Amino acid sequence: MTYYPGTFVWFELETRDLDSAQRFYGDVFGWTIRVVPAGETAYEMIEVAGQAIGGYRRLRARGEPYWASFLSVPDLVDAIASVKGAGGRHIDDVIETPGLGKSVEVVDTVGATVHLVTRRGGDDPLRTPPPGGFLWNELVTRLPDRAVEFYRTAFGYADKPVEMETGGTYHVLQVGAVGKAGVLYGDSSPRWLPYVHVNDCDQTLARAVAAGAKELAPATDIPQIGRHATFADPQGAELAIMRPASA
């Protein structure tokens, strides 16, 4: 089995109204659903171009709907120990999800949650995500330096700092020379913000707003990177979209 440690391989929407969420994202991105039986219940996976990229789960605790990010690890026990050794903590028992594998939710040293997953059968081969697929992941926090140190210590990332034209530093978390995620300053609660690949950022944002989303950041160009925007879906979960400059 092949694993790609340091790669975000799965994204799961935890929300209150699954049917409404599935209609919204189907309208915005064209996502389809694959139902995987799980005893008396079922797990509903998100599919794009025939490949499962994430899932929907009813919000299990008090709190607001959000997109959970799943980081690949080959061994959950070792990974949990690394998280604790770096100052983080795990807040839930290991769960097994049909069609996905075993996972656990942990909290980093800035208070952001991230899920660790060991996929049954190994990770899918790495590929450039098609439109509708997850393209990038970004940790927004008031304490970016502390966050970078945690992820470097716990998961072995290298940090590539990039000075932004708007001021401040964008930290690219790398495995080898390959960027896997970003960390930047934001004056809000710490959170991972996934990005979805789209063909047209403006049209997709307009489609999301028409379907009930709230625009959080307008479509904006980042030189040599792409055009991106951010919205909150009708139940409040935040998500970013991007048309890469190379697309």
# chains A, B, ... in the order shown; residues from 1 in each chain; ligands from 1
>>> residues_around(residues="Asn137 in chain A", least_positions_apart="6", cutoff="9 Å", atoms="only C-alpha atoms", output="ChimeraX atom specification")
/A:8,69,180-183,192-195
>>> closest_atom_pairs(of="range 31-93 of chain A", to="range 110-126 of chain A", cutoff="6 Å", atoms="only C-alpha atoms", output="tab-separated table")
residue	atom	partner	partner_atom	distance
A:Ser69	CA	A:Val114	CA	5.7
A:Phe70	CA	A:His115	CA	4.5
A:Leu71	CA	A:Leu116	CA	4.9
A:Ser72	CA	A:Val117	CA	5.2
A:Val73	CA	A:Thr118	CA	5.5
A:Pro74	CA	A:Thr118	CA	5.6
>>> write_last_selection(atoms="N, CA and C atoms", output="PDB file, in the first residue's frame")
ATOM      1  N   SER A  69     -10.562  18.753   7.299  1.00  0.00           N
ATOM      2  CA  SER A  69      -9.446  18.392   6.423  1.00  0.00           C
ATOM      3  C   SER A  69      -8.743  17.163   6.962  1.00  0.00           C
ATOM      4  N   PHE A  70      -8.500  16.179   6.093  1.00  0.00           N
ATOM      5  CA  PHE A  70      -7.914  14.905   6.493  1.00  0.00           C
ATOM      6  C   PHE A  70      -6.504  14.773   5.920  1.00  0.00           C
ATOM      7  N   LEU A  71      -5.542  14.619   6.816  1.00  0.00           N
ATOM      8  CA  LEU A  71      -4.133  14.530   6.465  1.00  0.00           C
ATOM      9  C   LEU A  71      -3.684  13.069   6.485  1.00  0.00           C
ATOM     10  N   SER A  72      -3.053  12.634   5.413  1.00  0.00           N
ATOM     11  CA  SER A  72      -2.640  11.234   5.308  1.00  0.00           C
ATOM     12  C   SER A  72      -1.490  10.908   6.252  1.00  0.00           C
ATOM     13  N   VAL A  73      -1.651   9.806   6.992  1.00  0.00           N
ATOM     14  CA  VAL A  73      -0.568   9.262   7.820  1.00  0.00           C
ATOM     15  C   VAL A  73      -0.577   7.748   7.647  1.00  0.00           C
ATOM     16  N   PRO A  74       0.586   7.108   7.606  1.00  0.00           N
ATOM     17  CA  PRO A  74       0.609   5.654   7.442  1.00  0.00           C
ATOM     18  C   PRO A  74       0.288   4.891   8.714  1.00  0.00           C
TER      19      PRO A  74
END
>>> closest_residue(among="A:Leu59, A:Ile46, A:Ala68, A:Ile241", to="Glu12 in chain A", atoms="only C-alpha atoms")
A:Ala68
>>> closest_residue(among="A:Trp136, A:Trp10, A:Tyr4, A:Trp67", to="His228 in chain A", atoms="only C-alpha atoms")
A:Trp136
>>> residues_around(residues="range 206-211 of chain A", least_positions_apart="6", cutoff="8 Å", atoms="only C-alpha atoms", output="PyMOL selection string")
chain A and resi 24+27-28+231+233-234
>>> write_last_selection(atoms="N, CA and C atoms", output="PDB file, in the first residue's frame")
ATOM      1  N   PHE A  24     -27.012  22.028  -2.521  1.00  0.00           N
ATOM      2  CA  PHE A  24     -26.226  23.242  -2.747  1.00  0.00           C
ATOM      3  C   PHE A  24     -24.946  22.935  -3.512  1.00  0.00           C
ATOM      4  N   ASP A  27     -25.431  21.870  -7.083  1.00  0.00           N
ATOM      5  CA  ASP A  27     -25.714  23.001  -7.960  1.00  0.00           C
ATOM      6  C   ASP A  27     -24.460  23.812  -8.267  1.00  0.00           C
ATOM      7  N   VAL A  28     -23.610  23.997  -7.276  1.00  0.00           N
ATOM      8  CA  VAL A  28     -22.441  24.875  -7.440  1.00  0.00           C
ATOM      9  C   VAL A  28     -21.306  24.185  -8.188  1.00  0.00           C
ATOM     10  N   PHE A 231     -16.448  31.869   0.197  1.00  0.00           N
ATOM     11  CA  PHE A 231     -17.850  32.033   0.588  1.00  0.00           C
ATOM     12  C   PHE A 231     -18.169  31.122   1.761  1.00  0.00           C
ATOM     13  N   ASP A 233     -21.259  28.625   2.904  1.00  0.00           N
ATOM     14  CA  ASP A 233     -22.438  27.985   2.334  1.00  0.00           C
ATOM     15  C   ASP A 233     -23.687  28.350   3.152  1.00  0.00           C
ATOM     16  N   PRO A 234     -24.876  27.959   2.719  1.00  0.00           N
ATOM     17  CA  PRO A 234     -26.097  28.384   3.424  1.00  0.00           C
ATOM     18  C   PRO A 234     -26.163  27.989   4.894  1.00  0.00           C
TER      19      PRO A 234
END
>>> residues_around(residues="Val77 in chain A", least_positions_apart="4", cutoff="12 Å", atoms="only C-alpha atoms", output="PDB file with N, CA and C atoms, in the first residue's frame")
ATOM      1  N   VAL A  73      -1.651   9.806   6.992  1.00  0.00           N
ATOM      2  CA  VAL A  73      -0.568   9.262   7.820  1.00  0.00           C
ATOM      3  C   VAL A  73      -0.577   7.748   7.647  1.00  0.00           C
ATOM      4  N   ALA A  81       1.071  10.172  18.603  1.00  0.00           N
ATOM      5  CA  ALA A  81       2.215  10.410  19.485  1.00  0.00           C
ATOM      6  C   ALA A  81       3.009  11.630  19.025  1.00  0.00           C
ATOM      7  N   SER A  82       3.175  11.793  17.718  1.00  0.00           N
ATOM      8  CA  SER A  82       3.894  12.947  17.179  1.00  0.00           C
ATOM      9  C   SER A  82       3.145  14.245  17.459  1.00  0.00           C
ATOM     10  N   VAL A  83       1.821  14.196  17.334  1.00  0.00           N
ATOM     11  CA  VAL A  83       1.001  15.379  17.630  1.00  0.00           C
ATOM     12  C   VAL A  83       1.177  15.789  19.087  1.00  0.00           C
ATOM     13  N   LYS A  84       1.096  14.828  19.993  1.00  0.00           N
ATOM     14  CA  LYS A  84       1.253  15.129  21.413  1.00  0.00           C
ATOM     15  C   LYS A  84       2.660  15.626  21.715  1.00  0.00           C
ATOM     16  N   HIS A  90      -5.236  15.045  20.946  1.00  0.00           N
ATOM     17  CA  HIS A  90      -6.335  14.447  20.187  1.00  0.00           C
ATOM     18  C   HIS A  90      -7.582  14.459  21.050  1.00  0.00           C
ATOM     19  N   ASP A  93     -11.985   9.640  19.810  1.00  0.00           N
ATOM     20  CA  ASP A  93     -11.514   8.283  19.592  1.00  0.00           C
ATOM     21  C   ASP A  93     -11.308   8.041  18.099  1.00  0.00           C
ATOM     22  N   VAL A  94     -10.488   7.068  17.787  1.00  0.00           N
ATOM     23  CA  VAL A  94     -10.315   6.660  16.392  1.00  0.00           C
ATOM     24  C   VAL A  94     -11.631   6.082  15.891  1.00  0.00           C
ATOM     25  N   LYS A 102      -9.448   4.486   8.796  1.00  0.00           N
ATOM     26  CA  LYS A 102      -9.458   4.916  10.190  1.00  0.00           C
ATOM     27  C   LYS A 102      -8.962   6.347  10.296  1.00  0.00           C
ATOM     28  N   SER A 103      -9.630   7.134  11.166  1.00  0.00           N
ATOM     29  CA  SER A 103      -9.252   8.531  11.316  1.00  0.00           C
ATOM     30  C   SER A 103      -9.440   8.977  12.753  1.00  0.00           C
ATOM     31  N   VAL A 104      -8.815  10.105  13.069  1.00  0.00           N
ATOM     32  CA  VAL A 104      -8.934  10.686  14.400  1.00  0.00           C
ATOM     33  C   VAL A 104      -8.807  12.197  14.265  1.00  0.00           C
ATOM     34  N   LEU A 116      -6.531  13.175  11.070  1.00  0.00           N
ATOM     35  CA  LEU A 116      -5.501  12.286  10.545  1.00  0.00           C
ATOM     36  C   LEU A 116      -6.198  11.034  10.038  1.00  0.00           C
ATOM     37  N   VAL A 117      -5.776  10.552   8.878  1.00  0.00           N
ATOM     38  CA  VAL A 117      -6.448   9.394   8.295  1.00  0.00           C
ATOM     39  C   VAL A 117      -5.442   8.406   7.727  1.00  0.00           C
ATOM     40  N   THR A 118      -5.689   7.129   7.976  1.00  0.00           N
ATOM     41  CA  THR A 118      -4.981   6.040   7.319  1.00  0.00           C
ATOM     42  C   THR A 118      -6.015   5.333   6.455  1.00  0.00           C
TER      43      THR A 118
END
>>> atom_distance(atom1="CA of Val196 in chain A", atom2="CA of Ala86 in chain A")
29.7 Å
>>> atom_distance(atom1="CA of Thr97 in chain A", atom2="CA of Ala38 in chain A")
7.9 Å
>>> residues_around(residues="range 166-168 of chain A", least_positions_apart="5", cutoff="10 Å", atoms="only C-alpha atoms", output="VMD selection string")
chain A and resid 161 184 to 185
>>> select_by_dssp(residues="range 4-235 of chain A", states="alpha helix (DSSP H)", output="PyMOL selection string")
chain A and resi 18-29+76-85+144-155+201-210
>>> decode(residues="range 60-209 of chain A", atoms="C-alpha atoms", output="PDB file, in the first residue's frame")
ATOM      1  CA  ARG A  60     -21.676  15.257  15.720  1.00  0.00           C
ATOM      2  CA  ALA A  61     -21.335  17.930  18.396  1.00  0.00           C
ATOM      3  CA  ARG A  62     -22.324  21.459  19.195  1.00  0.00           C
ATOM      4  CA  GLY A  63     -20.677  24.030  17.026  1.00  0.00           C
ATOM      5  CA  GLU A  64     -20.887  25.461  13.560  1.00  0.00           C
ATOM      6  CA  PRO A  65     -20.779  23.522  10.276  1.00  0.00           C
ATOM      7  CA  TYR A  66     -17.300  23.324   8.789  1.00  0.00           C
ATOM      8  CA  TRP A  67     -15.112  21.547   6.266  1.00  0.00           C
ATOM      9  CA  ALA A  68     -12.871  18.999   7.979  1.00  0.00           C
ATOM     10  CA  SER A  69      -9.446  18.392   6.423  1.00  0.00           C
ATOM     11  CA  PHE A  70      -7.914  14.905   6.493  1.00  0.00           C
ATOM     12  CA  LEU A  71      -4.133  14.530   6.465  1.00  0.00           C
ATOM     13  CA  SER A  72      -2.640  11.234   5.308  1.00  0.00           C
ATOM     14  CA  VAL A  73      -0.568   9.262   7.820  1.00  0.00           C
ATOM     15  CA  PRO A  74       0.609   5.654   7.442  1.00  0.00           C
ATOM     16  CA  ASP A  75       0.200   4.872  11.153  1.00  0.00           C
ATOM     17  CA  LEU A  76      -2.357   6.588  13.399  1.00  0.00           C
ATOM     18  CA  VAL A  77      -0.739   5.532  16.668  1.00  0.00           C
ATOM     19  CA  ASP A  78       2.617   7.015  15.669  1.00  0.00           C
ATOM     20  CA  ALA A  79       0.960  10.140  14.295  1.00  0.00           C
ATOM     21  CA  ILE A  80      -1.015  10.766  17.499  1.00  0.00           C
ATOM     22  CA  ALA A  81       2.215  10.410  19.485  1.00  0.00           C
ATOM     23  CA  SER A  82       3.894  12.947  17.179  1.00  0.00           C
ATOM     24  CA  VAL A  83       1.001  15.379  17.630  1.00  0.00           C
ATOM     25  CA  LYS A  84       1.253  15.129  21.413  1.00  0.00           C
ATOM     26  CA  GLY A  85       5.031  15.438  21.287  1.00  0.00           C
ATOM     27  CA  ALA A  86       4.691  18.672  19.332  1.00  0.00           C
ATOM     28  CA  GLY A  87       2.227  20.120  21.848  1.00  0.00           C
ATOM     29  CA  GLY A  88      -1.074  19.192  20.214  1.00  0.00           C
ATOM     30  CA  ARG A  89      -3.795  16.903  21.516  1.00  0.00           C
ATOM     31  CA  HIS A  90      -6.335  14.447  20.187  1.00  0.00           C
ATOM     32  CA  ILE A  91      -9.935  15.032  21.176  1.00  0.00           C
ATOM     33  CA  ASP A  92     -11.780  12.035  19.836  1.00  0.00           C
ATOM     34  CA  ASP A  93     -11.514   8.283  19.592  1.00  0.00           C
ATOM     35  CA  VAL A  94     -10.315   6.660  16.392  1.00  0.00           C
ATOM     36  CA  ILE A  95     -13.270   5.964  14.108  1.00  0.00           C
ATOM     37  CA  GLU A  96     -13.523   3.716  11.070  1.00  0.00           C
ATOM     38  CA  THR A  97     -15.508   4.941   8.067  1.00  0.00           C
ATOM     39  CA  PRO A  98     -16.553   2.488   5.327  1.00  0.00           C
ATOM     40  CA  GLY A  99     -14.774   3.227   2.075  1.00  0.00           C
ATOM     41  CA  LEU A 100     -12.307   5.589   3.756  1.00  0.00           C
ATOM     42  CA  GLY A 101     -10.404   4.005   6.625  1.00  0.00           C
ATOM     43  CA  LYS A 102      -9.458   4.916  10.190  1.00  0.00           C
ATOM     44  CA  SER A 103      -9.252   8.531  11.316  1.00  0.00           C
ATOM     45  CA  VAL A 104      -8.934  10.686  14.400  1.00  0.00           C
ATOM     46  CA  GLU A 105      -9.481  14.376  15.111  1.00  0.00           C
ATOM     47  CA  VAL A 106      -6.608  16.327  16.672  1.00  0.00           C
ATOM     48  CA  VAL A 107      -6.029  19.941  17.683  1.00  0.00           C
ATOM     49  CA  ASP A 108      -2.820  21.775  16.871  1.00  0.00           C
ATOM     50  CA  THR A 109      -1.038  24.344  19.068  1.00  0.00           C
ATOM     51  CA  VAL A 110      -3.010  27.298  17.679  1.00  0.00           C
ATOM     52  CA  GLY A 111      -6.392  25.643  18.255  1.00  0.00           C
ATOM     53  CA  ALA A 112      -7.199  24.485  14.723  1.00  0.00           C
ATOM     54  CA  THR A 113      -8.612  21.000  14.253  1.00  0.00           C
ATOM     55  CA  VAL A 114      -7.249  18.599  11.669  1.00  0.00           C
ATOM     56  CA  HIS A 115      -8.135  14.974  11.025  1.00  0.00           C
ATOM     57  CA  LEU A 116      -5.501  12.286  10.545  1.00  0.00           C
ATOM     58  CA  VAL A 117      -6.448   9.394   8.295  1.00  0.00           C
ATOM     59  CA  THR A 118      -4.981   6.040   7.319  1.00  0.00           C
ATOM     60  CA  ARG A 119      -6.935   5.041   4.251  1.00  0.00           C
ATOM     61  CA  ARG A 120      -7.941   1.454   3.734  1.00  0.00           C
ATOM     62  CA  GLY A 121      -5.917   0.172   0.791  1.00  0.00           C
ATOM     63  CA  GLY A 122      -3.607   3.204   0.719  1.00  0.00           C
ATOM     64  CA  ASP A 123      -4.010   6.661  -0.794  1.00  0.00           C
ATOM     65  CA  ASP A 124      -5.234   7.315  -4.306  1.00  0.00           C
ATOM     66  CA  PRO A 125      -2.457   8.150  -6.813  1.00  0.00           C
ATOM     67  CA  LEU A 126      -1.488  11.812  -6.747  1.00  0.00           C
ATOM     68  CA  ARG A 127      -2.860  13.789  -9.674  1.00  0.00           C
ATOM     69  CA  THR A 128      -3.747  17.325 -10.645  1.00  0.00           C
ATOM     70  CA  PRO A 129      -7.307  17.794  -9.361  1.00  0.00           C
ATOM     71  CA  PRO A 130      -9.945  18.326 -12.049  1.00  0.00           C
ATOM     72  CA  PRO A 131     -12.463  21.177 -11.809  1.00  0.00           C
ATOM     73  CA  GLY A 132     -14.591  20.394  -8.782  1.00  0.00           C
ATOM     74  CA  GLY A 133     -11.689  18.702  -6.998  1.00  0.00           C
ATOM     75  CA  PHE A 134      -9.839  20.010  -3.955  1.00  0.00           C
ATOM     76  CA  LEU A 135      -6.809  21.991  -5.037  1.00  0.00           C
ATOM     77  CA  TRP A 136      -5.186  23.429  -1.910  1.00  0.00           C
ATOM     78  CA  ASN A 137      -5.566  23.841   1.836  1.00  0.00           C
ATOM     79  CA  GLU A 138      -4.741  26.853   3.967  1.00  0.00           C
ATOM     80  CA  LEU A 139      -4.456  27.349   7.716  1.00  0.00           C
ATOM     81  CA  VAL A 140      -5.594  30.796   8.837  1.00  0.00           C
ATOM     82  CA  THR A 141      -4.404  31.779  12.300  1.00  0.00           C
ATOM     83  CA  ARG A 142      -3.293  34.728  14.436  1.00  0.00           C
ATOM     84  CA  LEU A 143      -0.155  32.723  15.292  1.00  0.00           C
ATOM     85  CA  PRO A 144       1.321  31.505  11.994  1.00  0.00           C
ATOM     86  CA  ASP A 145       4.857  31.014  13.319  1.00  0.00           C
ATOM     87  CA  ARG A 146       3.617  28.789  16.135  1.00  0.00           C
ATOM     88  CA  ALA A 147       1.503  26.816  13.676  1.00  0.00           C
ATOM     89  CA  VAL A 148       4.401  26.290  11.283  1.00  0.00           C
ATOM     90  CA  GLU A 149       6.592  25.019  14.113  1.00  0.00           C
ATOM     91  CA  PHE A 150       3.909  22.538  15.161  1.00  0.00           C
ATOM     92  CA  TYR A 151       3.413  21.089  11.673  1.00  0.00           C
ATOM     93  CA  ARG A 152       7.165  20.972  11.088  1.00  0.00           C
ATOM     94  CA  THR A 153       7.726  19.069  14.329  1.00  0.00           C
ATOM     95  CA  ALA A 154       4.687  16.785  14.165  1.00  0.00           C
ATOM     96  CA  PHE A 155       4.690  15.926  10.454  1.00  0.00           C
ATOM     97  CA  GLY A 156       8.119  16.840   9.114  1.00  0.00           C
ATOM     98  CA  TYR A 157       7.109  19.659   6.793  1.00  0.00           C
ATOM     99  CA  ALA A 158       9.664  22.131   5.524  1.00  0.00           C
ATOM    100  CA  ASP A 159       8.676  25.794   5.629  1.00  0.00           C
ATOM    101  CA  LYS A 160       9.068  27.980   2.543  1.00  0.00           C
ATOM    102  CA  PRO A 161       8.242  31.572   3.554  1.00  0.00           C
ATOM    103  CA  VAL A 162       7.030  33.850   0.756  1.00  0.00           C
ATOM    104  CA  GLU A 163       6.607  37.599   1.208  1.00  0.00           C
ATOM    105  CA  MET A 164       3.197  38.713  -0.038  1.00  0.00           C
ATOM    106  CA  GLU A 165       2.657  41.849  -2.119  1.00  0.00           C
ATOM    107  CA  THR A 166      -0.075  42.890   0.297  1.00  0.00           C
ATOM    108  CA  GLY A 167       2.304  42.558   3.232  1.00  0.00           C
ATOM    109  CA  GLY A 168       3.020  39.728   5.609  1.00  0.00           C
ATOM    110  CA  THR A 169       4.429  36.262   5.021  1.00  0.00           C
ATOM    111  CA  TYR A 170       2.776  33.260   3.430  1.00  0.00           C
ATOM    112  CA  HIS A 171       4.250  29.983   4.667  1.00  0.00           C
ATOM    113  CA  VAL A 172       4.204  27.090   2.213  1.00  0.00           C
ATOM    114  CA  LEU A 173       4.387  23.715   3.960  1.00  0.00           C
ATOM    115  CA  GLN A 174       6.453  21.417   1.777  1.00  0.00           C
ATOM    116  CA  VAL A 175       7.233  17.721   1.532  1.00  0.00           C
ATOM    117  CA  GLY A 176      10.513  17.663  -0.335  1.00  0.00           C
ATOM    118  CA  ALA A 177      10.159  20.507  -2.823  1.00  0.00           C
ATOM    119  CA  VAL A 178       6.401  20.058  -3.250  1.00  0.00           C
ATOM    120  CA  GLY A 179       3.997  22.494  -1.615  1.00  0.00           C
ATOM    121  CA  LYS A 180       1.200  20.719   0.265  1.00  0.00           C
ATOM    122  CA  ALA A 181      -0.564  23.516   2.168  1.00  0.00           C
ATOM    123  CA  GLY A 182      -0.214  27.114   3.299  1.00  0.00           C
ATOM    124  CA  VAL A 183      -0.239  29.015   6.582  1.00  0.00           C
ATOM    125  CA  LEU A 184      -0.974  32.727   6.889  1.00  0.00           C
ATOM    126  CA  TYR A 185      -2.058  35.339   9.390  1.00  0.00           C
ATOM    127  CA  GLY A 186      -5.761  35.989   9.796  1.00  0.00           C
ATOM    128  CA  ASP A 187      -7.568  37.864  12.531  1.00  0.00           C
ATOM    129  CA  SER A 188     -10.185  35.185  13.145  1.00  0.00           C
ATOM    130  CA  SER A 189     -10.629  31.824  14.812  1.00  0.00           C
ATOM    131  CA  PRO A 190      -7.972  29.338  13.613  1.00  0.00           C
ATOM    132  CA  ARG A 191      -9.220  27.070  10.856  1.00  0.00           C
ATOM    133  CA  TRP A 192      -8.185  25.097   7.814  1.00  0.00           C
ATOM    134  CA  LEU A 193      -9.736  26.505   4.630  1.00  0.00           C
ATOM    135  CA  PRO A 194      -9.877  24.091   1.664  1.00  0.00           C
ATOM    136  CA  TYR A 195      -9.800  25.357  -1.941  1.00  0.00           C
ATOM    137  CA  VAL A 196     -11.827  23.858  -4.796  1.00  0.00           C
ATOM    138  CA  HIS A 197     -10.545  24.009  -8.376  1.00  0.00           C
ATOM    139  CA  VAL A 198     -12.985  25.867 -10.678  1.00  0.00           C
ATOM    140  CA  ASN A 199     -12.950  26.876 -14.335  1.00  0.00           C
ATOM    141  CA  ASP A 200     -14.327  30.358 -13.672  1.00  0.00           C
ATOM    142  CA  CYS A 201     -14.011  31.917 -10.235  1.00  0.00           C
ATOM    143  CA  ASP A 202     -16.488  34.761 -10.829  1.00  0.00           C
ATOM    144  CA  GLN A 203     -19.201  32.564 -12.293  1.00  0.00           C
ATOM    145  CA  THR A 204     -18.833  29.938  -9.571  1.00  0.00           C
ATOM    146  CA  LEU A 205     -19.012  32.577  -6.832  1.00  0.00           C
ATOM    147  CA  ALA A 206     -22.128  34.060  -8.433  1.00  0.00           C
ATOM    148  CA  ARG A 207     -23.685  30.602  -8.678  1.00  0.00           C
ATOM    149  CA  ALA A 208     -22.936  29.932  -4.992  1.00  0.00           C
ATOM    150  CA  VAL A 209     -24.442  33.249  -3.891  1.00  0.00           C
TER     151      VAL A 209
END
